[in-house]
Amino acid sequence: MKIVADENIPLLDGFFAPLCQDLVTLPGRKMSNADVADADILLVRSITKVDQALLQGSKVRFVGTCTIGTDHLDTDYLEQAGIKWANAPGCNAKAVVDYVLSCMLVISEMKQRSIRDMSVGIVGAGNVGGMLLETLTQVGVEAIAYDPNIEGLDSEELKTAVWQQDIVTLHTPITKEGEHKTFHLVDDARLSSMKPNAVLINSCRGAVIDNQALLRHIREVKTFSAILDVFEEEPSPNDELLTRCLLATPHIAGYSLDGKYQGSAMIYDALCEFLALPRRTKLEQLIPEAQLRKVSFSSESEEEFVLQKMIRSGYDVRDDHYRMKSLLGLSDEEKAKAFDLLRKNYPVRRDLNRLVASARNIRGNYMLEALGIKMKS
């Protein structure tokens, strides 16, 4: 059996090599029909478009994407062709929540307001949005969510109110048809309806926002801010848009080691089920120990200080923003290569729940529990 896989999928040797005679790794953005012609299994990430053009005439009978989203898969074609497919829903949800929390710290410093004194509107309440809503509520942040596909979160009142918050963060799939399509969900009209001093965060799919409309809005409304992890013109985002963003990062919101490893593990489980093979490898056998394990505080530490230090100890979004600025001034071709290298060579990042907070009598322990952080006296 032959497996063709994106070279940047982690744990390929640990999970998948034992299942096949031939494991071939390739750049995901450059996979062609010839590359997969004699493959039985195809493993991809979000940068590979899997459709009839890629698979026609091939031997592929299983496609696994180590990602939450599936908009890069032509699932109608796969099902018509009798090709089994699987994705990894929720695999990096914790990482994206950590990303948003780190962004919120930057916003709180910019606005000189406590992270718990700003309201948050969450558009889309699936695996990521739902976890974010629960986390923020437990931390003490005023947060609401709207999702037309979830009962209780689909009211007209929430549909309007979610866009009127201090921070609006997007967590939807990309859909181009239907009553609730999300392609260019955020357009000129939507932007004009938001608070003039709001901050818009997008860590789902670039085309959920009309990027040209956003650029116009940022030019005209000087108090409005945007934080973008995804772009319509990815992997060669517009220089002016990058420059005008409060924070810009290279599609890495969910790029924690834990999230990526979990995605591989979920596809391994799905493939074993498809092949009717026992699951002989467990994620716990392969995942390394975190480089930073414990953060210590004195009993005098204030709640806000503890919250800020724990979030930043786990992940500081500013690091990725500064790395992203290296793309400015490059040609589109050079920028695309640099963008992909930022993702390929991404520093090891762990989920916040890998950390332990140590103090004899720590304040704000309820907030740390909400973040999944263990406490030790």
# chains A, B, ... in the order shown; residues from 1 in each chain; ligands from 1
$ select_by_dssp --residues "range 335-377 of chain A" --states "alpha helix (DSSP H)" --output "list in words"
Lys335, Ala336, Lys337, Ala338, Phe339, Asp340, Leu341, Leu342, Arg343, Lys344, Asn365, Tyr366, Met367, Leu368, Glu369 and Ala370 of chain A
$ residues_around --residues "Asn149 in chain A" --least-positions-apart "3" --cutoff "10 Å" --atoms "only C-alpha atoms" --output "list of chain:residue names"
A:Gly124, A:Ala125, A:Gly126, A:Tyr146, A:Gly152, A:Leu153, A:Asp154, A:His180
$ closest_atom_pairs --of "range 267-342 of chain A" --to "range 96-114 of chain A" --cutoff "8 Å" --atoms "only C-alpha atoms" --output "Markdown table"
| residue | atom | partner | partner_atom | distance |
| --- | --- | --- | --- | --- |
| A:Glu304 | CA | A:Ser114 | CA | 7.8 |
| A:Gln308 | CA | A:Leu105 | CA | 7.1 |
| A:Ile311 | CA | A:Ser102 | CA | 6.3 |
| A:Arg312 | CA | A:Ser102 | CA | 6.7 |
| A:Tyr315 | CA | A:Ser102 | CA | 6.7 |
| A:Asp316 | CA | A:Ser102 | CA | 5.9 |
| A:Val317 | CA | A:Ser102 | CA | 5.8 |
$ closest_residue --among "A:Ile252, A:Ala37, A:Met310, A:Ala88" --to "Asn345 in chain A" --atoms "only C-alpha atoms"
A:Ile252
$ residues_around --residues "range 41-56 of chain A" --least-positions-apart "3" --cutoff "6 Å" --atoms "only C-alpha atoms" --output "NGL selection string"
:A and (3-6 or 28-29 or 32-33 or 60 or 62-66 or 72-74)
$ residues_around --residues "Met367 in chain A" --least-positions-apart "4" --cutoff "8 Å" --atoms "only C-alpha atoms" --output "list in words"
Gln138, Val139, Gly140, Leu307 and Leu371 of chain A
$ atom_distance --atom1 "CA of Gln291 in chain A" --atom2 "CA of Ser256 in chain A"
13.1 Å
$ closest_residue --among "A:Glu233, A:Glu134, A:Glu156, A:Asp35" --to "Glu369 in chain A" --atoms "only C-alpha atoms"
A:Glu134
$ select_by_dssp --residues "range 170-292 of chain A" --states "strand (DSSP E)" --output "ChimeraX atom specification"
/A:170,199-202,225-228,247-248
$ atom_distance --atom1 "CA of Cys20 in chain A" --atom2 "CA of Leu341 in chain A"
28.6 Å
$ closest_residue --among "A:Ala39, A:Val356, A:Ile174, A:Ile209" --to "Leu292 in chain A" --atoms "only C-alpha atoms"
A:Val356
$ atom_distance --atom1 "CA of Ser203 in chain A" --atom2 "CA of Ala253 in chain A"
6.2 Å
$ residues_around --residues "Asp147 in chain A" --least-positions-apart "2" --cutoff "12 Å" --atoms "only C-alpha atoms" --output "PDB file with C-alpha atoms, in the first residue's frame"
ATOM      1  CA  GLY A 121     -19.100  38.673  19.945  1.00  0.00           C
ATOM      2  CA  ILE A 122     -18.386  35.189  18.579  1.00  0.00           C
ATOM      3  CA  VAL A 123     -19.657  34.438  15.066  1.00  0.00           C
ATOM      4  CA  GLY A 124     -19.897  30.665  14.709  1.00  0.00           C
ATOM      5  CA  ALA A 125     -20.145  28.442  17.773  1.00  0.00           C
ATOM      6  CA  GLY A 126     -18.912  25.051  16.591  1.00  0.00           C
ATOM      7  CA  ASN A 127     -15.876  23.317  18.080  1.00  0.00           C
ATOM      8  CA  GLY A 129     -16.427  29.141  18.861  1.00  0.00           C
ATOM      9  CA  GLY A 130     -18.246  27.012  21.410  1.00  0.00           C
ATOM     10  CA  LEU A 133     -17.610  31.122  24.492  1.00  0.00           C
ATOM     11  CA  ILE A 144     -22.190  36.221  23.312  1.00  0.00           C
ATOM     12  CA  ALA A 145     -22.289  33.949  20.270  1.00  0.00           C
ATOM     13  CA  ASN A 149     -27.103  26.217  12.920  1.00  0.00           C
ATOM     14  CA  ILE A 150     -27.253  25.876  16.713  1.00  0.00           C
ATOM     15  CA  GLU A 151     -30.546  26.027  18.540  1.00  0.00           C
ATOM     16  CA  GLY A 152     -30.511  28.682  21.225  1.00  0.00           C
ATOM     17  CA  LEU A 153     -27.806  30.686  19.469  1.00  0.00           C
ATOM     18  CA  ASP A 154     -29.772  31.359  16.274  1.00  0.00           C
ATOM     19  CA  SER A 155     -32.091  34.177  17.328  1.00  0.00           C
ATOM     20  CA  GLU A 156     -32.502  37.395  15.367  1.00  0.00           C
ATOM     21  CA  GLU A 157     -31.536  39.303  18.510  1.00  0.00           C
ATOM     22  CA  LEU A 158     -28.166  37.529  18.714  1.00  0.00           C
ATOM     23  CA  LYS A 159     -27.694  37.868  14.956  1.00  0.00           C
ATOM     24  CA  THR A 160     -27.719  41.646  15.380  1.00  0.00           C
ATOM     25  CA  VAL A 162     -23.050  39.797  18.033  1.00  0.00           C
ATOM     26  CA  LEU A 170     -15.004  34.836  13.445  1.00  0.00           C
ATOM     27  CA  HIS A 171     -15.131  31.030  13.679  1.00  0.00           C
ATOM     28  CA  THR A 172     -17.180  29.833  10.716  1.00  0.00           C
ATOM     29  CA  PRO A 173     -16.513  27.475   7.819  1.00  0.00           C
ATOM     30  CA  HIS A 180     -26.364  31.213   5.662  1.00  0.00           C
ATOM     31  CA  LYS A 181     -23.434  31.395   3.265  1.00  0.00           C
ATOM     32  CA  THR A 182     -20.297  32.814   4.833  1.00  0.00           C
TER      33      THR A 182
END
$ residues_around --residues "Phe339 in chain A" --least-positions-apart "2" --cutoff "8 Å" --atoms "only C-alpha atoms" --output "VMD selection string"
chain A and resid 235 to 236 250 324 327 335 to 337 341 to 343
$ write_last_selection --atoms "all heavy atoms" --output "JSON list (two decimals), in the first residue's frame"
[["chain", "number", "residue", "atom", "x", "y", "z"],
["A", 235, "PRO", "N", -1.21, 32.65, -0.38],
["A", 235, "PRO", "CA", -0.15, 32.99, 0.56],
["A", 235, "PRO", "C", 0.60, 34.29, 0.24],
["A", 235, "PRO", "O", 1.73, 34.46, 0.67],
["A", 235, "PRO", "CB", 0.80, 31.79, 0.40],
["A", 235, "PRO", "CG", 0.70, 31.45, -1.06],
["A", 235, "PRO", "CD", -0.73, 31.71, -1.44],
["A", 236, "SER", "N", -0.01, 35.18, -0.55],
["A", 236, "SER", "CA", 0.64, 36.46, -0.88],
["A", 236, "SER", "C", -0.27, 37.62, -0.50],
["A", 236, "SER", "O", -0.79, 38.33, -1.36],
["A", 236, "SER", "CB", 0.96, 36.51, -2.39],
["A", 236, "SER", "OG", 1.78, 35.44, -2.77],
["A", 250, "PRO", "N", 0.59, 34.32, 9.97],
["A", 250, "PRO", "CA", 0.54, 33.50, 8.75],
["A", 250, "PRO", "C", -0.26, 32.20, 8.85],
["A", 250, "PRO", "O", 0.27, 31.11, 8.66],
["A", 250, "PRO", "CB", 2.03, 33.21, 8.50],
["A", 250, "PRO", "CG", 2.62, 33.13, 9.86],
["A", 250, "PRO", "CD", 1.88, 34.15, 10.68],
["A", 324, "MET", "N", 5.73, 37.87, 10.68],
["A", 324, "MET", "CA", 4.92, 38.12, 9.48],
["A", 324, "MET", "C", 5.37, 39.38, 8.75],
["A", 324, "MET", "O", 5.28, 39.47, 7.51],
["A", 324, "MET", "CB", 3.45, 38.25, 9.89],
["A", 324, "MET", "CG", 2.47, 38.35, 8.74],
["A", 324, "MET", "SD", 2.28, 36.80, 7.83],
["A", 324, "MET", "CE", 0.73, 37.14, 6.96],
["A", 327, "LEU", "N", 7.46, 39.63, 5.43],
["A", 327, "LEU", "CA", 6.91, 39.48, 4.08],
["A", 327, "LEU", "C", 6.78, 40.82, 3.35],
["A", 327, "LEU", "O", 6.66, 40.85, 2.12],
["A", 327, "LEU", "CB", 5.52, 38.83, 4.14],
["A", 327, "LEU", "CG", 5.46, 37.30, 4.12],
["A", 327, "LEU", "CD1", 6.21, 36.68, 5.29],
["A", 327, "LEU", "CD2", 4.01, 36.81, 4.11],
["A", 335, "LYS", "N", 6.90, 36.32, -1.66],
["A", 335, "LYS", "CA", 6.05, 36.36, -0.48],
["A", 335, "LYS", "C", 5.39, 35.01, -0.22],
["A", 335, "LYS", "O", 5.31, 34.55, 0.92],
["A", 335, "LYS", "CB", 4.98, 37.45, -0.64],
["A", 335, "LYS", "CG", 4.22, 37.79, 0.63],
["A", 335, "LYS", "CD", 3.18, 38.86, 0.36],
["A", 335, "LYS", "CE", 3.81, 40.20, 0.03],
["A", 335, "LYS", "NZ", 2.80, 41.25, -0.18],
["A", 336, "ALA", "N", 4.92, 34.36, -1.29],
["A", 336, "ALA", "CA", 4.28, 33.06, -1.15],
["A", 336, "ALA", "C", 5.25, 32.03, -0.56],
["A", 336, "ALA", "O", 4.89, 31.25, 0.32],
["A", 336, "ALA", "CB", 3.77, 32.57, -2.51],
["A", 337, "LYS", "N", 6.49, 32.06, -1.03],
["A", 337, "LYS", "CA", 7.50, 31.13, -0.51],
["A", 337, "LYS", "C", 7.81, 31.44, 0.96],
["A", 337, "LYS", "O", 7.90, 30.53, 1.79],
["A", 337, "LYS", "CB", 8.78, 31.23, -1.34],
["A", 337, "LYS", "CG", 8.65, 30.68, -2.75],
["A", 337, "LYS", "CD", 9.95, 30.85, -3.53],
["A", 337, "LYS", "CE", 9.82, 30.31, -4.95],
["A", 337, "LYS", "NZ", 11.06, 30.52, -5.75],
["A", 341, "LEU", "N", 7.17, 29.17, 4.31],
["A", 341, "LEU", "CA", 8.30, 28.84, 5.18],
["A", 341, "LEU", "C", 8.02, 29.21, 6.63],
["A", 341, "LEU", "O", 8.44, 28.50, 7.55],
["A", 341, "LEU", "CB", 9.56, 29.55, 4.69],
["A", 341, "LEU", "CG", 10.29, 28.90, 3.52],
["A", 341, "LEU", "CD1", 11.46, 29.78, 3.06],
["A", 341, "LEU", "CD2", 10.81, 27.50, 3.90],
["A", 342, "LEU", "N", 7.29, 30.30, 6.84],
["A", 342, "LEU", "CA", 6.92, 30.67, 8.20],
["A", 342, "LEU", "C", 6.08, 29.57, 8.84],
["A", 342, "LEU", "O", 6.20, 29.28, 10.04],
["A", 342, "LEU", "CB", 6.13, 31.99, 8.21],
["A", 342, "LEU", "CG", 6.92, 33.27, 7.96],
["A", 342, "LEU", "CD1", 5.98, 34.47, 7.90],
["A", 342, "LEU", "CD2", 7.98, 33.49, 9.04],
["A", 343, "ARG", "N", 5.23, 28.95, 8.03],
["A", 343, "ARG", "CA", 4.39, 27.86, 8.54],
["A", 343, "ARG", "C", 5.18, 26.57, 8.69],
["A", 343, "ARG", "O", 5.06, 25.84, 9.67],
["A", 343, "ARG", "CB", 3.19, 27.66, 7.63],
["A", 343, "ARG", "CG", 2.36, 28.93, 7.43],
["A", 343, "ARG", "CD", 1.14, 28.69, 6.57],
["A", 343, "ARG", "NE", 0.08, 28.05, 7.36],
["A", 343, "ARG", "CZ", -0.68, 27.07, 6.90],
["A", 343, "ARG", "NH1", -0.47, 26.57, 5.70],
["A", 343, "ARG", "NH2", -1.62, 26.57, 7.66]]
$ closest_residue --among "A:Val221, A:Val168, A:Val295, A:Ala93" --to "Ser192 in chain A" --atoms "only C-alpha atoms"
A:Val221
$ residues_around --residues "Leu286 in chain A" --least-positions-apart "4" --cutoff "12 Å" --atoms "only C-alpha atoms" --output "list of chain:residue names"
A:Pro10, A:Leu11, A:Leu12, A:Asp13, A:Gly14, A:Phe15, A:Leu257, A:Asp258, A:Tyr261, A:Gln262, A:Ser264, A:Ala265, A:Thr281, A:Lys282
$ decode --residues "range 182-193 of chain A" --atoms "all heavy atoms" --output "mmCIF file, in the first residue's frame"
data_model
loop_
_atom_site.group_PDB
_atom_site.id
_atom_site.type_symbol
_atom_site.label_atom_id
_atom_site.label_comp_id
_atom_site.auth_asym_id
_atom_site.auth_seq_id
_atom_site.Cartn_x
_atom_site.Cartn_y
_atom_site.Cartn_z
ATOM 1 N N THR A 182 -21.248 31.999 4.081
ATOM 2 C CA THR A 182 -20.297 32.814 4.833
ATOM 3 C C THR A 182 -19.263 33.500 3.945
ATOM 4 O O THR A 182 -18.457 34.284 4.444
ATOM 5 C CB THR A 182 -19.559 31.955 5.878
ATOM 6 O OG1 THR A 182 -18.866 30.897 5.203
ATOM 7 C CG2 THR A 182 -20.528 31.384 6.899
ATOM 8 N N PHE A 183 -19.250 33.214 2.666
ATOM 9 C CA PHE A 183 -18.346 33.908 1.753
ATOM 10 C C PHE A 183 -18.661 35.400 1.778
ATOM 11 O O PHE A 183 -19.799 35.810 1.563
ATOM 12 C CB PHE A 183 -18.496 33.364 0.331
ATOM 13 C CG PHE A 183 -17.630 34.078 -0.681
ATOM 14 C CD1 PHE A 183 -16.272 33.815 -0.755
ATOM 15 C CD2 PHE A 183 -18.180 35.013 -1.546
ATOM 16 C CE1 PHE A 183 -15.467 34.471 -1.680
ATOM 17 C CE2 PHE A 183 -17.389 35.667 -2.477
ATOM 18 C CZ PHE A 183 -16.026 35.390 -2.545
ATOM 19 N N HIS A 184 -17.673 36.221 2.099
ATOM 20 C CA HIS A 184 -17.833 37.674 2.239
ATOM 21 C C HIS A 184 -18.973 38.013 3.203
ATOM 22 O O HIS A 184 -19.720 38.981 2.995
ATOM 23 C CB HIS A 184 -18.055 38.333 0.883
ATOM 24 C CG HIS A 184 -16.789 38.439 0.091
ATOM 25 N ND1 HIS A 184 -16.717 39.107 -1.114
ATOM 26 C CD2 HIS A 184 -15.521 37.961 0.312
ATOM 27 C CE1 HIS A 184 -15.475 39.034 -1.589
ATOM 28 N NE2 HIS A 184 -14.733 38.340 -0.734
ATOM 29 N N LEU A 185 -19.075 37.216 4.254
ATOM 30 C CA LEU A 185 -20.034 37.520 5.320
ATOM 31 C C LEU A 185 -19.804 38.918 5.865
ATOM 32 O O LEU A 185 -20.732 39.658 6.188
ATOM 33 C CB LEU A 185 -19.889 36.482 6.441
ATOM 34 C CG LEU A 185 -20.710 36.679 7.708
ATOM 35 C CD1 LEU A 185 -22.199 36.515 7.404
ATOM 36 C CD2 LEU A 185 -20.278 35.689 8.791
ATOM 37 N N VAL A 186 -18.524 39.270 5.963
ATOM 38 C CA VAL A 186 -18.161 40.624 6.409
ATOM 39 C C VAL A 186 -17.839 41.459 5.178
ATOM 40 O O VAL A 186 -16.791 41.309 4.550
ATOM 41 C CB VAL A 186 -16.946 40.581 7.369
ATOM 42 C CG1 VAL A 186 -16.585 41.993 7.824
ATOM 43 C CG2 VAL A 186 -17.236 39.691 8.566
ATOM 44 N N ASP A 187 -18.788 42.318 4.820
ATOM 45 C CA ASP A 187 -18.640 43.177 3.645
ATOM 46 C C ASP A 187 -18.758 44.633 4.067
ATOM 47 O O ASP A 187 -18.720 44.957 5.261
ATOM 48 C CB ASP A 187 -19.692 42.810 2.585
ATOM 49 C CG ASP A 187 -21.118 42.850 3.136
ATOM 50 O OD1 ASP A 187 -21.331 43.391 4.254
ATOM 51 O OD2 ASP A 187 -22.025 42.341 2.448
ATOM 52 N N ASP A 188 -18.889 45.529 3.098
ATOM 53 C CA ASP A 188 -18.971 46.963 3.416
ATOM 54 C C ASP A 188 -20.095 47.258 4.402
ATOM 55 O O ASP A 188 -19.902 47.992 5.377
ATOM 56 C CB ASP A 188 -19.189 47.772 2.132
ATOM 57 C CG ASP A 188 -17.945 47.818 1.259
ATOM 58 O OD1 ASP A 188 -16.924 48.361 1.705
ATOM 59 O OD2 ASP A 188 -18.003 47.295 0.135
ATOM 60 N N ALA A 189 -21.270 46.686 4.136
ATOM 61 C CA ALA A 189 -22.430 46.961 4.986
ATOM 62 C C ALA A 189 -22.215 46.446 6.403
ATOM 63 O O ALA A 189 -22.533 47.131 7.387
ATOM 64 C CB ALA A 189 -23.681 46.326 4.377
ATOM 65 N N ARG A 190 -21.676 45.238 6.514
ATOM 66 C CA ARG A 190 -21.438 44.656 7.839
ATOM 67 C C ARG A 190 -20.428 45.492 8.621
ATOM 68 O O ARG A 190 -20.601 45.766 9.806
ATOM 69 C CB ARG A 190 -20.918 43.230 7.693
ATOM 70 C CG ARG A 190 -20.716 42.512 9.004
ATOM 71 C CD ARG A 190 -22.009 41.974 9.556
ATOM 72 N NE ARG A 190 -22.540 40.928 8.711
ATOM 73 C CZ ARG A 190 -23.751 40.397 8.824
ATOM 74 N NH1 ARG A 190 -24.558 40.858 9.758
ATOM 75 N NH2 ARG A 190 -24.176 39.444 8.020
ATOM 76 N N LEU A 191 -19.370 45.885 7.973
ATOM 77 C CA LEU A 191 -18.337 46.681 8.642
ATOM 78 C C LEU A 191 -18.900 48.013 9.118
ATOM 79 O O LEU A 191 -18.591 48.472 10.224
ATOM 80 C CB LEU A 191 -17.157 46.904 7.696
ATOM 81 C CG LEU A 191 -16.313 45.656 7.410
ATOM 82 C CD1 LEU A 191 -15.456 45.868 6.166
ATOM 83 C CD2 LEU A 191 -15.431 45.314 8.620
ATOM 84 N N SER A 192 -19.750 48.605 8.303
ATOM 85 C CA SER A 192 -20.339 49.907 8.664
ATOM 86 C C SER A 192 -21.281 49.789 9.854
ATOM 87 O O SER A 192 -21.512 50.768 10.571
ATOM 88 C CB SER A 192 -21.097 50.491 7.474
ATOM 89 O OG SER A 192 -20.215 50.764 6.409
ATOM 90 N N SER A 193 -21.817 48.578 10.066
ATOM 91 C CA SER A 193 -22.756 48.371 11.172
ATOM 92 C C SER A 193 -22.053 48.146 12.505
ATOM 93 O O SER A 193 -22.683 48.200 13.564
ATOM 94 C CB SER A 193 -23.658 47.170 10.882
ATOM 95 O OG SER A 193 -22.947 45.935 11.019
#
